[in-house]
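Chemist: File data-v1.tsv follows (TSV, C-alpha atoms (C1' of nucleotides)):
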```tsv
chain	number	residue	atom	x	y	z
A	286	MET	CA	193.04	72.20	-7.63
A	287	GLU	CA	189.32	72.98	-7.58
A	288	ARG	CA	188.65	70.13	-9.97
A	289	GLU	CA	190.31	67.75	-7.53
A	290	LEU	CA	188.20	69.12	-4.67
A	291	LEU	CA	185.04	68.69	-6.68
A	292	LEU	CA	185.70	65.12	-7.75
A	293	LEU	CA	186.95	64.05	-4.31
A	294	GLY	CA	183.91	65.61	-2.69
A	295	LEU	CA	181.55	63.69	-4.92
A	296	LEU	CA	183.43	60.39	-4.59
A	297	ARG	CA	183.38	60.87	-0.85
A	298	GLN	CA	179.59	60.75	-0.92
A	299	GLN	CA	179.46	57.71	-3.15
A	300	ASP	CA	181.76	55.44	-5.15
A	301	THR	CA	181.03	55.94	-8.82
A	302	HIS	CA	182.49	56.12	-12.31
A	303	GLY	CA	183.68	58.95	-14.50
A	304	TYR	CA	180.67	59.25	-16.72
A	305	GLN	CA	178.27	59.62	-13.81
A	306	LEU	CA	180.52	62.15	-12.09
A	307	HIS	CA	180.54	64.26	-15.20
A	308	GLU	CA	176.78	63.94	-15.58
A	309	PHE	CA	176.16	65.12	-12.04
A	310	ILE	CA	178.52	68.07	-12.35
A	311	ASN	CA	176.93	69.09	-15.61
A	312	ARG	CA	173.43	68.92	-14.21
A	313	TYR	CA	173.83	70.40	-10.75
A	314	LEU	CA	177.17	72.17	-10.62
A	315	SER	CA	177.43	73.81	-14.01
A	316	THR	CA	177.59	77.23	-12.37
A	317	CYS	CA	180.86	76.28	-10.64
A	318	THR	CA	182.78	74.76	-13.51
A	319	ASP	CA	182.58	73.80	-17.15
A	320	MET	CA	184.90	70.81	-16.80
A	321	LYS	CA	184.54	68.56	-19.83
A	322	LYS	CA	184.39	64.79	-19.75
A	323	PRO	CA	187.94	64.07	-20.92
A	324	THR	CA	189.25	66.53	-18.33
A	325	ALA	CA	187.38	64.71	-15.57
A	326	TYR	CA	188.95	61.41	-16.63
A	327	ALA	CA	192.40	63.00	-16.78
A	328	VAL	CA	192.04	64.42	-13.26
A	329	LEU	CA	190.76	61.07	-11.96
A	330	ASP	CA	193.76	59.27	-13.49
A	331	LYS	CA	196.13	61.76	-11.91
A	332	MET	CA	194.49	61.37	-8.50
A	333	ALA	CA	194.67	57.59	-8.80
A	334	ALA	CA	198.40	57.86	-9.58
A	335	ARG	CA	198.82	59.96	-6.42
A	336	GLY	CA	196.93	57.43	-4.33
A	337	TRP	CA	194.00	59.70	-3.45
A	338	ILE	CA	191.55	57.30	-5.09
A	339	THR	CA	191.59	53.67	-6.21
A	340	ILE	CA	190.09	52.12	-9.31
A	341	ASP	CA	187.86	49.04	-9.30
A	342	HIS	CA	187.85	47.69	-12.82
A	343	GLU	CA	184.30	46.50	-12.72
A	344	GLY	CA	183.51	43.65	-15.10
A	345	ARG	CA	180.56	44.74	-17.20
A	346	GLU	CA	177.50	44.52	-14.92
A	347	GLY	CA	174.49	43.33	-16.83
A	348	ASN	CA	176.01	43.66	-20.24
A	349	ARG	CA	176.90	47.35	-20.28
A	350	PRO	CA	180.38	48.21	-21.49
A	351	ARG	CA	183.30	47.94	-19.03
A	352	ARG	CA	183.67	50.83	-16.63
A	353	ARG	CA	185.95	51.99	-13.84
A	354	VAL	CA	184.50	52.66	-10.41
A	355	TYR	CA	186.53	55.04	-8.27
A	356	THR	CA	186.79	54.90	-4.47
A	357	ILE	CA	188.33	57.59	-2.27
A	358	THR	CA	191.23	56.51	-0.02
A	359	ASP	CA	192.26	57.82	3.40
A	360	ALA	CA	194.92	59.95	1.71
A	361	GLY	CA	192.19	61.25	-0.62
A	362	GLU	CA	189.95	62.12	2.31
A	363	ALA	CA	192.82	64.00	3.97
A	364	GLU	CA	193.46	65.88	0.75
A	365	PHE	CA	189.76	66.68	0.45
A	366	GLN	CA	189.75	68.18	3.94
A	367	ARG	CA	192.80	70.29	3.08
A	368	LEU	CA	191.37	71.49	-0.23
A	369	LEU	CA	187.97	72.24	1.27
A	370	ARG	CA	189.41	74.44	4.00
A	371	ALA	CA	191.59	76.25	1.47
A	372	ASN	CA	188.62	76.85	-0.83
A	373	LEU	CA	186.33	78.07	1.92
A	374	SER	CA	188.83	80.45	3.48
A	375	GLN	CA	190.11	82.08	0.30
A	376	HIS	CA	188.50	84.37	-2.23
A	377	HIS	CA	188.61	83.11	-5.81
A	378	PRO	CA	187.77	85.93	-8.22
A	379	VAL	CA	185.51	85.20	-11.18
A	380	TYR	CA	186.43	86.47	-14.63
A	381	PHE	CA	183.94	88.56	-16.54
A	382	THR	CA	184.69	87.50	-20.10
A	383	ASN	CA	181.57	89.39	-21.04
A	384	ASP	CA	183.15	92.68	-19.98
A	385	ILE	CA	185.68	92.52	-22.79
A	386	GLY	CA	182.92	93.71	-25.08
A	387	ILE	CA	182.03	96.44	-22.57
A	388	ALA	CA	185.64	97.57	-22.64
A	389	PHE	CA	185.27	98.41	-26.34
A	390	LEU	CA	181.80	99.86	-26.16
A	391	ASP	CA	182.99	103.18	-27.58
A	392	ALA	CA	183.91	101.44	-30.85
A	393	LEU	CA	180.17	101.41	-31.60
A	394	PRO	CA	177.62	104.24	-31.76
A	395	HIS	CA	175.04	104.04	-28.98
A	396	THR	CA	172.33	103.34	-31.52
A	397	GLU	CA	174.12	100.11	-32.42
A	398	ALA	CA	175.24	99.13	-28.93
A	399	LEU	CA	171.84	99.48	-27.31
A	400	PRO	CA	169.97	96.75	-29.20
A	401	LEU	CA	172.92	94.37	-28.81
A	402	LEU	CA	172.98	94.88	-25.05
A	403	GLN	CA	169.23	94.51	-24.90
A	404	GLU	CA	169.67	91.15	-26.60
A	405	ARG	CA	172.18	90.24	-23.91
A	406	ARG	CA	169.75	91.36	-21.26
A	407	ALA	CA	167.07	89.10	-22.69
A	408	ALA	CA	169.48	86.14	-22.61
A	409	ILE	CA	170.26	86.73	-18.93
A	410	ASP	CA	166.58	87.13	-18.15
A	411	GLU	CA	165.74	83.88	-19.90
A	412	ARG	CA	168.45	82.01	-18.03
A	413	LEU	CA	167.19	83.46	-14.76
A	414	THR	CA	163.63	82.42	-15.51
A	415	TYR	CA	164.77	78.91	-16.37
A	416	LEU	CA	166.90	78.49	-13.24
A	417	ARG	CA	164.02	79.64	-11.06
A	418	THR	CA	161.97	76.66	-12.25
A	419	LEU	CA	164.69	74.17	-11.21
A	420	GLN	CA	164.37	72.00	-8.14
A	421	PRO	CA	167.86	71.14	-6.86
A	422	PRO	CA	168.27	67.66	-5.35
A	423	HIS	CA	170.06	67.95	-2.01
A	424	GLU	CA	170.96	70.45	0.62
A	425	SER	CA	174.11	72.10	-0.70
A	426	PRO	CA	173.29	72.28	-4.43
A	427	ALA	CA	170.35	74.42	-3.32
A	428	LEU	CA	172.83	76.92	-1.87
A	429	ILE	CA	174.75	76.96	-5.13
A	430	LEU	CA	171.59	77.63	-7.10
A	431	ASP	CA	170.52	80.32	-4.66
A	432	HIS	CA	173.89	82.02	-5.04
A	433	TYR	CA	173.70	81.92	-8.82
A	434	LEU	CA	170.19	83.35	-8.86
A	435	TRP	CA	171.39	86.13	-6.56
A	436	HIS	CA	174.30	86.80	-8.90
A	437	LEU	CA	172.18	86.86	-12.06
A	438	GLN	CA	169.73	89.28	-10.50
A	439	SER	CA	172.61	91.55	-9.58
A	440	GLU	CA	173.93	91.31	-13.14
A	441	LEU	CA	170.57	92.23	-14.55
A	442	LYS	CA	170.41	95.30	-12.33
A	443	TRP	CA	173.88	96.44	-13.35
A	444	LEU	CA	173.09	95.97	-17.00
A	445	ASP	CA	169.95	98.04	-16.54
A	446	THR	CA	171.94	100.91	-15.04
A	447	LEU	CA	174.30	100.67	-18.01
A	448	LEU	CA	171.44	100.70	-20.49
A	449	GLU	CA	170.04	103.78	-18.80
A	450	ARG	CA	173.39	105.52	-18.98
A	451	LEU	CA	173.64	104.74	-22.70
A	452	ASN	CA	170.21	106.23	-23.22
A	453	ASP	CA	171.68	109.51	-21.96
B	102	MET	CA	187.57	83.88	-29.01
B	103	GLU	CA	187.39	86.51	-26.26
B	104	ARG	CA	191.17	86.64	-26.16
B	105	GLU	CA	191.20	87.53	-29.84
B	106	LEU	CA	188.60	90.24	-29.27
B	107	LEU	CA	190.62	91.69	-26.43
B	108	LEU	CA	193.93	91.81	-28.29
B	109	LEU	CA	192.37	93.11	-31.50
B	110	GLY	CA	190.53	95.80	-29.56
B	111	LEU	CA	193.73	97.01	-27.94
B	112	LEU	CA	195.76	96.89	-31.17
B	113	ARG	CA	193.00	98.83	-32.84
B	114	GLN	CA	193.62	101.72	-30.47
B	115	GLN	CA	197.37	101.61	-30.90
B	116	ASP	CA	200.09	99.53	-32.56
B	117	THR	CA	202.15	97.92	-29.88
B	118	HIS	CA	204.07	94.82	-28.86
B	119	GLY	CA	203.18	91.73	-26.86
B	120	TYR	CA	204.77	92.69	-23.61
B	121	GLN	CA	202.92	95.99	-23.42
B	122	LEU	CA	199.61	94.37	-24.35
B	123	HIS	CA	200.01	91.93	-21.52
B	124	GLU	CA	200.98	94.69	-19.10
B	125	PHE	CA	197.88	96.71	-19.93
B	126	ILE	CA	195.56	93.73	-19.62
B	127	ASN	CA	197.09	92.80	-16.30
B	128	ARG	CA	196.77	96.29	-14.92
B	129	TYR	CA	193.37	97.40	-16.18
B	130	LEU	CA	191.51	94.31	-17.39
B	131	SER	CA	192.42	91.69	-14.84
B	132	THR	CA	188.75	91.32	-13.89
B	133	CYS	CA	187.95	90.11	-17.43
B	134	THR	CA	190.68	87.57	-17.96
B	135	ASP	CA	193.79	86.07	-16.43
B	136	MET	CA	195.53	85.50	-19.75
B	137	LYS	CA	199.21	84.85	-19.18
B	138	LYS	CA	202.03	86.30	-21.23
B	139	PRO	CA	202.88	83.20	-23.29
B	140	THR	CA	199.19	82.80	-24.12
B	141	ALA	CA	199.04	86.36	-25.41
B	142	TYR	CA	202.01	85.71	-27.69
B	143	ALA	CA	200.45	82.46	-28.92
B	144	VAL	CA	197.17	84.18	-29.78
B	145	LEU	CA	199.03	87.01	-31.51
B	146	ASP	CA	200.99	84.50	-33.61
B	147	LYS	CA	197.79	82.73	-34.59
B	148	MET	CA	196.10	85.98	-35.57
B	149	ALA	CA	199.13	86.97	-37.64
B	150	ALA	CA	198.95	83.60	-39.44
B	151	ARG	CA	195.29	84.32	-40.21
B	152	GLY	CA	196.10	87.77	-41.54
B	153	TRP	CA	194.22	89.71	-38.88
B	154	ILE	CA	197.38	91.49	-37.78
B	155	THR	CA	200.84	92.08	-39.25
B	156	ILE	CA	204.20	92.04	-37.51
B	157	ASP	CA	206.80	94.79	-37.82
B	158	HIS	CA	210.08	93.35	-36.68
B	159	GLU	CA	211.32	96.52	-35.16
B	160	GLY	CA	215.12	96.83	-34.98
B	161	ARG	CA	215.99	97.54	-31.35
B	162	GLU	CA	215.02	101.20	-30.70
B	163	GLY	CA	217.44	102.86	-28.35
B	164	ASN	CA	219.27	99.72	-27.38
B	165	ARG	CA	216.44	97.70	-25.86
B	166	PRO	CA	216.18	94.07	-26.99
B	167	ARG	CA	214.45	93.32	-30.32
B	168	ARG	CA	210.69	93.35	-30.25
B	169	ARG	CA	207.75	92.76	-32.53
B	170	VAL	CA	205.21	95.51	-33.07
B	171	TYR	CA	201.77	94.33	-34.17
B	172	THR	CA	199.40	96.27	-36.44
B	173	ILE	CA	195.78	95.39	-37.07
B	174	THR	CA	194.77	94.79	-40.73
B	175	ASP	CA	191.45	95.46	-42.47
B	176	ALA	CA	190.57	91.78	-42.07
B	177	GLY	CA	191.44	92.13	-38.39
B	178	GLU	CA	189.19	95.15	-38.03
B	179	ALA	CA	186.34	93.25	-39.68
B	180	GLU	CA	186.89	90.34	-37.31
B	181	PHE	CA	186.97	92.72	-34.36
B	182	GLN	CA	183.61	94.16	-35.38
B	183	ARG	CA	182.15	90.67	-35.68
B	184	LEU	CA	183.54	89.50	-32.33
B	185	LEU	CA	182.47	92.68	-30.56
B	186	ARG	CA	178.87	92.35	-31.71
B	187	ALA	CA	178.82	88.67	-30.72
B	188	ASN	CA	180.23	89.46	-27.28
B	189	LEU	CA	177.85	92.32	-26.61
B	190	SER	CA	174.73	90.48	-27.69
B	191	GLN	CA	175.35	87.19	-25.91
B	192	HIS	CA	175.45	86.25	-22.26
B	193	HIS	CA	178.67	84.61	-21.11
B	194	PRO	CA	178.18	82.95	-17.74
B	195	VAL	CA	180.90	83.27	-15.13
B	196	TYR	CA	182.03	80.22	-13.17
B	197	PHE	CA	182.00	80.33	-9.39
B	198	THR	CA	184.96	78.14	-8.56
B	199	ASN	CA	184.53	79.34	-5.04
B	200	ASP	CA	181.14	77.63	-4.79
B	201	ILE	CA	182.71	74.19	-5.00
B	202	GLY	CA	183.62	74.60	-1.36
B	203	ILE	CA	180.08	75.78	-0.60
B	204	ALA	CA	178.78	72.59	-2.26
B	205	PHE	CA	180.55	70.53	0.42
B	206	LEU	CA	179.79	72.77	3.35
B	207	ASP	CA	178.01	69.95	5.19
B	208	ALA	CA	181.29	68.02	5.38
B	209	LEU	CA	182.28	70.45	8.14
B	210	PRO	CA	180.57	71.34	11.44
B	211	HIS	CA	179.28	74.92	11.50
B	212	THR	CA	181.80	75.80	14.18
B	213	GLU	CA	184.59	75.03	11.71
B	214	ALA	CA	182.97	76.44	8.60
B	215	LEU	CA	182.13	79.82	10.11
B	216	PRO	CA	185.66	81.10	10.80
B	217	LEU	CA	186.81	79.88	7.37
B	218	LEU	CA	184.03	81.76	5.63
B	219	GLN	CA	184.71	84.81	7.74
B	220	GLU	CA	188.29	84.67	6.48
B	221	ARG	CA	186.93	84.57	2.95
B	222	ARG	CA	184.72	87.52	3.71
B	223	ALA	CA	187.70	89.51	4.93
B	224	ALA	CA	189.56	88.72	1.70
B	225	ILE	CA	186.68	89.99	-0.42
B	226	ASP	CA	186.37	93.07	1.74
B	227	GLU	CA	190.06	93.83	1.40
B	228	ARG	CA	189.93	93.44	-2.38
B	229	LEU	CA	186.92	95.75	-2.50
B	230	THR	CA	188.65	98.39	-0.42
B	231	TYR	CA	191.70	98.22	-2.65
B	232	LEU	CA	189.72	98.49	-5.89
B	233	ARG	CA	187.85	101.51	-4.58
B	234	THR	CA	191.14	103.40	-4.32
B	235	LEU	CA	192.00	102.75	-7.99
B	236	GLN	CA	191.73	105.45	-10.62
B	237	PRO	CA	191.12	103.80	-14.01
B	238	PRO	CA	192.71	105.53	-17.02
B	239	HIS	CA	190.12	105.91	-19.76
B	240	GLU	CA	186.42	105.83	-20.36
B	241	SER	CA	185.65	102.14	-20.74
B	242	PRO	CA	187.99	100.63	-18.13
B	243	ALA	CA	186.04	102.78	-15.66
B	244	LEU	CA	182.89	100.87	-16.62
B	245	ILE	CA	184.70	97.57	-16.08
B	246	LEU	CA	185.87	98.64	-12.66
B	247	ASP	CA	182.40	99.89	-11.76
B	248	HIS	CA	180.92	96.56	-12.75
B	249	TYR	CA	183.43	94.63	-10.68
B	250	LEU	CA	182.84	96.80	-7.62
B	251	TRP	CA	179.09	96.24	-8.06
B	252	HIS	CA	179.70	92.49	-8.29
B	253	LEU	CA	181.96	92.31	-5.23
B	254	GLN	CA	179.44	94.24	-3.15
B	255	SER	CA	176.76	91.80	-4.21
B	256	GLU	CA	179.02	88.88	-3.29
B	257	LEU	CA	179.67	90.34	0.10
B	258	LYS	CA	175.95	90.68	0.75
B	259	TRP	CA	175.26	87.09	-0.29
B	260	LEU	CA	178.06	85.80	1.88
B	261	ASP	CA	176.60	87.74	4.79
B	262	THR	CA	173.20	86.11	4.32
B	263	LEU	CA	174.96	82.74	4.27
B	264	LEU	CA	176.90	83.51	7.44
B	265	GLU	CA	173.66	84.49	9.14
B	266	ARG	CA	172.02	81.26	8.05
B	267	LEU	CA	174.94	79.25	9.45
B	268	ASN	CA	174.58	81.05	12.74
B	269	ASP	CA	171.09	79.55	12.97
C	205	DT	C1'	163.13	42.96	-37.51
C	206	DC	C1'	165.29	46.67	-38.98
C	207	DG	C1'	166.51	51.40	-38.74
C	208	DT	C1'	166.93	55.54	-36.09
C	209	DG	C1'	167.86	58.42	-32.40
C	210	DA	C1'	169.13	58.82	-27.67
C	211	DC	C1'	171.85	57.27	-23.77
C	212	DT	C1'	175.94	55.10	-21.53
C	213	DA	C1'	181.08	54.89	-21.13
C	214	DG	C1'	185.35	56.05	-22.36
C	215	DT	C1'	189.41	57.45	-25.59
C	216	DC	C1'	192.73	60.14	-28.40
C	217	DA	C1'	195.03	63.35	-31.33
C	218	DA	C1'	195.43	68.03	-31.46
C	219	DT	C1'	195.31	72.40	-29.43
C	220	DA	C1'	195.70	75.72	-25.54
C	221	DC	C1'	197.97	77.23	-21.66
C	222	DT	C1'	201.51	78.28	-18.31
C	223	DG	C1'	205.64	77.90	-14.92
C	224	DA	C1'	209.98	78.76	-15.28
C	225	DC	C1'	213.38	80.23	-17.92
C	226	DT	C1'	216.93	83.52	-20.91
C	227	DA	C1'	218.85	87.94	-21.85
C	228	DT	C1'	219.38	92.89	-21.89
C	229	DA	C1'	219.07	97.36	-19.60
C	230	DA	C1'	218.45	100.87	-16.02
C	231	DG	C1'	218.81	102.64	-11.41
C	232	DG	C1'	220.56	102.87	-7.34
C	233	DA	C1'	223.60	101.59	-3.07
C	234	DT	C1'	228.28	100.53	-1.34
D	204	DA	C1'	233.66	99.78	-10.43
D	205	DT	C1'	230.62	96.04	-8.67
D	206	DC	C1'	226.52	94.17	-6.93
D	207	DC	C1'	221.65	93.85	-6.45
D	208	DT	C1'	217.03	94.69	-7.70
D	209	DT	C1'	213.52	95.82	-10.89
D	210	DA	C1'	211.74	96.35	-15.51
D	211	DT	C1'	211.64	95.07	-20.43
D	212	DA	C1'	210.85	91.44	-24.07
D	213	DG	C1'	210.20	87.10	-25.38
D	214	DT	C1'	210.69	81.73	-25.44
D	215	DC	C1'	209.98	76.77	-24.57
D	216	DA	C1'	209.16	72.31	-22.69
D	217	DG	C1'	205.72	70.21	-20.37
D	218	DT	C1'	201.01	69.95	-18.65
D	219	DA	C1'	196.00	70.70	-19.19
D	220	DT	C1'	192.05	70.76	-21.88
D	221	DT	C1'	188.80	69.55	-25.38
D	222	DG	C1'	186.36	68.48	-30.04
D	223	DA	C1'	185.35	64.67	-32.19
D	224	DC	C1'	185.45	60.13	-32.19
D	225	DT	C1'	184.41	54.69	-31.04
D	226	DA	C1'	181.35	51.28	-29.45
D	227	DG	C1'	177.75	49.06	-27.09
D	228	DT	C1'	172.64	49.30	-25.34
D	229	DC	C1'	167.94	50.48	-25.32
D	230	DA	C1'	163.44	51.66	-27.02
D	231	DC	C1'	160.13	52.62	-30.27
D	232	DG	C1'	157.83	52.85	-34.62
D	233	DA	C1'	157.23	51.05	-39.48
```
Have the structure of the file written as structure tokens, please.

Modeler:
Amino acid sequence: MERELLLLGLLRQQDTHGYQLHEFINRYLSTCTDMKKPTAYAVLDKMAARGWITIDHEGREGNRPRRRVYTITDAGEAEFQRLLRANLSQHHPVYFTNDIGIAFLDALPHTEALPLLQERRAAIDERLTYLRTLQPPHESPALILDHYLWHLQSELKWLDTLLERLND
Amino acid sequence: MERELLLLGLLRQQDTHGYQLHEFINRYLSTCTDMKKPTAYAVLDKMAARGWITIDHEGREGNRPRRRVYTITDAGEAEFQRLLRANLSQHHPVYFTNDIGIAFLDALPHTEALPLLQERRAAIDERLTYLRTLQPPHESPALILDHYLWHLQSELKWLDTLLERLND
DNA sequence: TCGTGACTAGTCAATACTGACTATAAGGAT
DNA sequence: ATCCTTATAGTCAGTATTGACTAGTCACGA
């Protein structure tokens, strides 16, 4: 359902084709989803079948390969409004895959766990440093980035309290 | 890969069957994964095929229906050690599905967005209050819970800064 | 001008995942 | 006794997802 919201929201701003949609998501919205290219096409096909979007089979412009340009319909806009309100009003938990390792921390002596977690800490720190250099394009992607930076800083702090606890 | 780590880690502590594994994950590790029951069975089958675990077809004890009890092998233990180190040392990003709505915030006037986001805030708050009442069973699940409480508090704070910004 | 790597655009076979189901048992309430 | 609900244990058909691929274009150096 969130994939539909995302694609409808982007198509609403501008008619475009699958490849470009995926590119944009990958570049500016990678903190929200890791949707792969074939998944994007599958969702677009499904939405077309439901009448939320239409497909313009664009004859190759210039001499690029053929491509399909998608346009949102009135039904699609209505669906977007519905999905947006649902997304904004509800809480979607995130899943901390990385905590599965934490759950089995006692399988390792502290002397082994510490350097591994310090490696993790460095990876988070590096990501944070990189994201801070980014300049997001529009209004709302800036919010997304801000939120992710906030989150990563919080993660770093928690990890530091854990590292301290492991140091006894 | 994280699903394998999770199931191996639990089987390592105690031989048990698929249903119980899923129950435990659902109760104490639901912040790490939302793995469904059929997925757990599929992963277990795959690991058995790879020789990481073995299956004891236990004749119905008492008169409960037949069930399969899984036992971790030496190869499984080795794999667990490998997966655990990989998980601890790397950073696995989380995906903020909930930010997809935030990305399209400007599709709504502030007067509409505000009450929706306040509803979301209430949902987070309620979840937080509930989790604070929980008493986790063992050592490590307590860490997991602690981390999730830390995260939810951070989320609440960010959402509050956003709400303030929307209030102009 | 030919080769090489990078970018654009989309596809497909295979795998992963899950909603909805079966079937048995136990614990009440009537 | 019979009915209803909840818990145990697992299955399966159908949908969702993705790694690896095709195929054309562009640009740049040798």

Chemist: In Å, with one decimal, what is the gap from CA of Cys133 (chain B) to CA of Val379 (chain A)?

Modeler: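 Between CA of Cys133 (chain B) and CA of Val379 (chain A) the gap is 8.3 Å.
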
Chemist: I want to know what sits within 9 Å of Ile338 (chain A), based on all atoms listed in the file, with residues of the same chain fewer than 6 positions away left out; could you give that as JSON, numbers by chain?

Modeler: {"A": [293, 296, 329, 330, 332, 355, 356, 357, 358, 359, 360, 361, 362]}

Chemist: Could you tell me how far C1' of DG227 (chain D) sits from C1' of DG214 (chain C), in Å to one decimal place?

Modeler: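 Pair C1' of DG214 (chain C) / C1' of DG227 (chain D) returns 11.4 Å.
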
Chemist: To one decimal place, how far is CA of Tyr249 (chain B) from CA of Leu444 (chain A) in Å?

Modeler: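 CA of Leu444 (chain A) lies at a distance of 12.2 Å from CA of Tyr249 (chain B).
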
Chemist: Given the point (215.6, 91.7, -14.2) in the coordinates of this file, which residues lie within 10 Å, counting only C-alpha atoms (C1' of nucleotides), and how would they look as a PyMOL selection string?

Modeler: (chain C and resi 227-230) or (chain D and resi 208-211)

Chemist: Take the selection from the previous step and output its residues with C-alpha atoms (C1' of nucleotides), as an mmCIF file, in the frame of the given file.

Modeler:
```
data_model
loop_
_atom_site.group_PDB
_atom_site.id
_atom_site.type_symbol
_atom_site.label_atom_id
_atom_site.label_comp_id
_atom_site.auth_asym_id
_atom_site.auth_seq_id
_atom_site.Cartn_x
_atom_site.Cartn_y
_atom_site.Cartn_z
ATOM 1 C "C1'" DA C 227 218.850 87.940 -21.850
ATOM 2 C "C1'" DT C 228 219.380 92.890 -21.890
ATOM 3 C "C1'" DA C 229 219.070 97.360 -19.600
ATOM 4 C "C1'" DA C 230 218.450 100.870 -16.020
ATOM 5 C "C1'" DT D 208 217.030 94.690 -7.700
ATOM 6 C "C1'" DT D 209 213.520 95.820 -10.890
ATOM 7 C "C1'" DA D 210 211.740 96.350 -15.510
ATOM 8 C "C1'" DT D 211 211.640 95.070 -20.430
#
```

Chemist: Could the residues of chain B within 10 Å of chain D, counting all atoms listed in the file, be given as number ranges by chain, please?

Modeler: B: 118-121, 138-139, 142, 165-169

Chemist: Tell me which of C:DC211, C:DT205, C:DG223, C:DT234 sits closest to chain A, counting only C-alpha atoms (C1' of nucleotides).

Modeler: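 Answer, going by the shortest atom-to-atom distance: C:DC211.
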
Chemist: When distances are computed from all atoms listed in the file, which of A:Arg450, A:Arg367, A:Arg406, A:Lys321 shows the smallest separation from chain B?

Modeler: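 Among A:Arg450, A:Arg367, A:Arg406, A:Lys321, it is A:Arg406 that comes nearest to chain B.
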
Chemist: Extract, using only C-alpha atoms (C1' of nucleotides), all DNA, RNA and protein residues at most 12 Å from region 187-193 of chain B, discarding same-chain residues fewer than 3 positions from it, and format them as a VMD selection string.

Modeler: (chain A and resid 316 380 to 390 392 to 393 397 to 413 437 440 to 441 444) or (chain B and resid 102 to 107 133 180 to 184 196)

Chemist: Any chance you could tabulate, as a tab-separated table, the residues of chain C at most 9 Å from chain A with each one's nearest atom pair and distance in Å to one decimal, using all atoms listed in the file, in chain and rising number order?

Modeler:
```
residue	atom	partner	partner_atom	distance
C:DT212	C1'	A:Arg349	CA	7.9
C:DA213	C1'	A:Tyr304	CA	6.2
C:DG214	C1'	A:Arg352	CA	7.9
C:DT215	C1'	A:Pro323	CA	8.2
```

Chemist: Pull C-alpha atoms (C1' of nucleotides) from the residues just selected and write them as a PDB file, in the coordinates of the input.

Modeler:
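Here's the written file out.pdb:
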```pdb
ATOM      1  C1'  DT C 212     175.940  55.100 -21.530  1.00  0.00           C
ATOM      2  C1'  DA C 213     181.080  54.890 -21.130  1.00  0.00           C
ATOM      3  C1'  DG C 214     185.350  56.050 -22.360  1.00  0.00           C
ATOM      4  C1'  DT C 215     189.410  57.450 -25.590  1.00  0.00           C
TER       5       DT C 215
END
```

Chemist: Pick from B:Ser255, B:Asn127, B:Thr262, B:Gln236: nearest to chain A, with only C-alpha atoms counted?

Modeler: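 Going through B:Ser255, B:Asn127, B:Thr262, B:Gln236 one by one, the smallest distance to chain A is for B:Ser255.
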